[in-house]
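Worksheet: the structure to be examined is printed underneath.
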Amino acid sequence: MGYQSILNDIAKEIIPLLKEGKVADYIPALANVDKYQFAMTLTLFDGTQFSVGLSDTLFSIQSISKVFSFTLALQTYGIKLYERIGVEPSGNPFNSLVQLEYEHGKPRNPFINAGAINVSDALVNHYKNPSDAYKEIEAFIRMIADDKSITYDEIVASSEMTHGFRNLALANMMKSFNNLDNDVIEVVEVYFKQCSIEMNTKMLSRSMLFLANHGVDPISGQRYVTDSRAKRINAVMLTCGHYDASGDFAFNVGLPAKSGVGGGIVAIVPKIMSIAVFSPGLNAQGNSLVGTKALELFTDKTGLSIF
Ligand code: GLN
């Protein structure tokens with residue numbers, strides 16, 4: 001069966017589940033998003049795309065942006081970055097404070113909020129100020145997605161800031177352990193801006209192709225990261241990309257992937273493709289409920305998992 005008919009089948013099979021998820025209403029600007037939306041796009045190495053559903057609809061990429069900022073920070077800091085953040089699964093919710101205190105302000109990994117805020121701080125150090133740090137993240141995403149229109153939604157970013165008590169608490173906790181160099185509010189603002197970046201499934205699946213191809217964009221031929229770094233980013237996606245549901249996701253889907261509370265998930269099929277799914281209803285761990293199911297159906301139907 002061809003990819004288009006597989007996607008069409010998946011789009012039918014997930015319909016009964018659309019009512020089950022819950023949108024991320026802790027971010028007021030995302031509380032009114034229609035949860036009955038679904039899109040899925042896969043991009044092959046020659047650039048061919050197959051899509052089903054609302055694949056032109058832009059949505060808030062949220063924590064998927066953590067893959068981009070982590071990649072950028074690795075490009076600038078190399079392994080020195082691991083002095084500030086670890087690469088172990090946290091087994092805790094993405095915004096949990098408890099473990100961070102036990103572990104003296106060193107976040108477990110770059111994909112929980114504390115880790116991503118820490119990465120923003122490292123980027124603010126490198127690019128000297130918060131607005132340039134954000135601009136570099138955005139420029140990097142535009143480059144790897146080959147799309148200059150990509151930008152953030154100011155309403156979502158300011159909504160996150162006005163209700164960002166937990167993220168500010170995480171940043172303050174790291175600061176109290178001397179693991180955050182810059183102004184707490186400025187760093188968290190960079191983090192919220194990157195989370196508020198809007199993309200659709202076509203852009204997202206295009207942007208992650210380099211991770212399926214040992215760090216080289218198969219379409220442009222451009223190398224973004226070394227082989228070994230691409231391997232490690234994929235490993236962190238597999239083990240930490242879905243927070244305390246990462247084991248569950250590996251068990252059911254079997255691909256390195258990263259989710260965001262906007263309802264997006266991007267998954268890597270090494271050496272073959274990158275897949276993006278969007279459906280805003282979330283499960284209890286804050287990952288797209290239908291998106292996870294759609295990817296599970298995809299790997300079951302195609303046998304394309306890493307296991
Ligand atoms: N901006 C969101 C937050 O900080 C990102 C969380 C997520 O996508 N898991 O809560």
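Residues in the structure tokens are numbered from 1 in each chain, the chains being A, B, ... in the order shown, and ligands are numbered from 1 in the order shown.
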Cut-off 7 Å, only C-alpha atoms and all ligand atoms, neighbours of ligand 1 as a PyMOL selection string: chain A and resi 62-64+94-95+113+160+167+192+195+259-262+286
Could you find all residues in stretch 35-262 of chain A that DSSP calls alpha helix (DSSP H) from the backbone, and write them as a VMD selection string? chain A and resid 65 to 77 98 to 102 113 to 127 130 to 145 154 to 162 165 to 176 184 to 195 201 to 207 209 to 212 227 to 240 246 to 252
Close residues, A:Phe165 itself excluded, 12 Å, only C-alpha atoms, min 3 positions apart in chain, as an MDAnalysis selection string: chainID A and resid 26:27 95 97 159:162 168:172 184:185 188
Written file, previous selection with N, CA and C atoms, as a PDB file, in the first residue's frame:
ATOM      1  N   TYR A  26      -3.865  25.535  30.223  1.00  0.00           N
ATOM      2  CA  TYR A  26      -3.078  26.301  31.196  1.00  0.00           C
ATOM      3  C   TYR A  26      -2.361  27.473  30.506  1.00  0.00           C
ATOM      4  N   ILE A  27      -2.326  27.447  29.169  1.00  0.00           N
ATOM      5  CA  ILE A  27      -1.864  28.618  28.409  1.00  0.00           C
ATOM      6  C   ILE A  27      -3.142  29.230  27.812  1.00  0.00           C
ATOM      7  N   ASN A  95       7.049  20.109  33.594  1.00  0.00           N
ATOM      8  CA  ASN A  95       7.242  21.368  34.320  1.00  0.00           C
ATOM      9  C   ASN A  95       7.461  21.139  35.809  1.00  0.00           C
ATOM     10  N   LEU A  97       9.115  20.757  39.455  1.00  0.00           N
ATOM     11  CA  LEU A  97      10.154  21.484  40.188  1.00  0.00           C
ATOM     12  C   LEU A  97      10.955  20.593  41.122  1.00  0.00           C
ATOM     13  N   SER A 159       0.812  35.491  26.456  1.00  0.00           N
ATOM     14  CA  SER A 159      -0.076  34.707  27.311  1.00  0.00           C
ATOM     15  C   SER A 159       0.744  33.742  28.181  1.00  0.00           C
ATOM     16  N   GLU A 160       1.780  33.166  27.607  1.00  0.00           N
ATOM     17  CA  GLU A 160       2.639  32.263  28.391  1.00  0.00           C
ATOM     18  C   GLU A 160       3.370  33.034  29.485  1.00  0.00           C
ATOM     19  N   MET A 161       3.787  34.253  29.147  1.00  0.00           N
ATOM     20  CA  MET A 161       4.537  35.057  30.112  1.00  0.00           C
ATOM     21  C   MET A 161       3.648  35.443  31.291  1.00  0.00           C
ATOM     22  N   THR A 162       2.408  35.869  30.989  1.00  0.00           N
ATOM     23  CA  THR A 162       1.522  36.302  32.081  1.00  0.00           C
ATOM     24  C   THR A 162       1.146  35.135  32.992  1.00  0.00           C
ATOM     25  N   LEU A 168       8.934  30.412  35.467  1.00  0.00           N
ATOM     26  CA  LEU A 168       9.764  31.398  36.171  1.00  0.00           C
ATOM     27  C   LEU A 168      10.339  30.779  37.446  1.00  0.00           C
ATOM     28  N   ALA A 169       9.541  29.942  38.095  1.00  0.00           N
ATOM     29  CA  ALA A 169      10.037  29.260  39.300  1.00  0.00           C
ATOM     30  C   ALA A 169      11.211  28.341  38.949  1.00  0.00           C
ATOM     31  N   LEU A 170      11.081  27.619  37.840  1.00  0.00           N
ATOM     32  CA  LEU A 170      12.171  26.727  37.412  1.00  0.00           C
ATOM     33  C   LEU A 170      13.443  27.542  37.139  1.00  0.00           C
ATOM     34  N   ALA A 171      13.265  28.672  36.445  1.00  0.00           N
ATOM     35  CA  ALA A 171      14.421  29.512  36.115  1.00  0.00           C
ATOM     36  C   ALA A 171      15.049  30.075  37.395  1.00  0.00           C
ATOM     37  N   ASN A 172      14.191  30.526  38.316  1.00  0.00           N
ATOM     38  CA  ASN A 172      14.726  31.050  39.585  1.00  0.00           C
ATOM     39  C   ASN A 172      15.462  29.974  40.381  1.00  0.00           C
ATOM     40  N   VAL A 184      16.505  36.291  34.766  1.00  0.00           N
ATOM     41  CA  VAL A 184      15.503  35.225  34.710  1.00  0.00           C
ATOM     42  C   VAL A 184      14.385  35.556  33.723  1.00  0.00           C
ATOM     43  N   ILE A 185      13.852  36.750  33.817  1.00  0.00           N
ATOM     44  CA  ILE A 185      12.718  37.117  32.950  1.00  0.00           C
ATOM     45  C   ILE A 185      13.140  37.151  31.483  1.00  0.00           C
ATOM     46  N   VAL A 188      13.492  33.560  30.203  1.00  0.00           N
ATOM     47  CA  VAL A 188      12.200  32.890  30.036  1.00  0.00           C
ATOM     48  C   VAL A 188      11.439  33.482  28.841  1.00  0.00           C
TER      49      VAL A 188
END
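With atom CA of A:Gly291 on one side and atom CA of A:Val277 on the other, the separation reads 5.5 Å.
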If you count only C-alpha atoms, which residues fall within 12 Å of A:Gln222, apart from same-chain ones fewer than 2 positions away, as a ChimeraX atom specification? /A:143-144,146,209-210,213-220,224-226
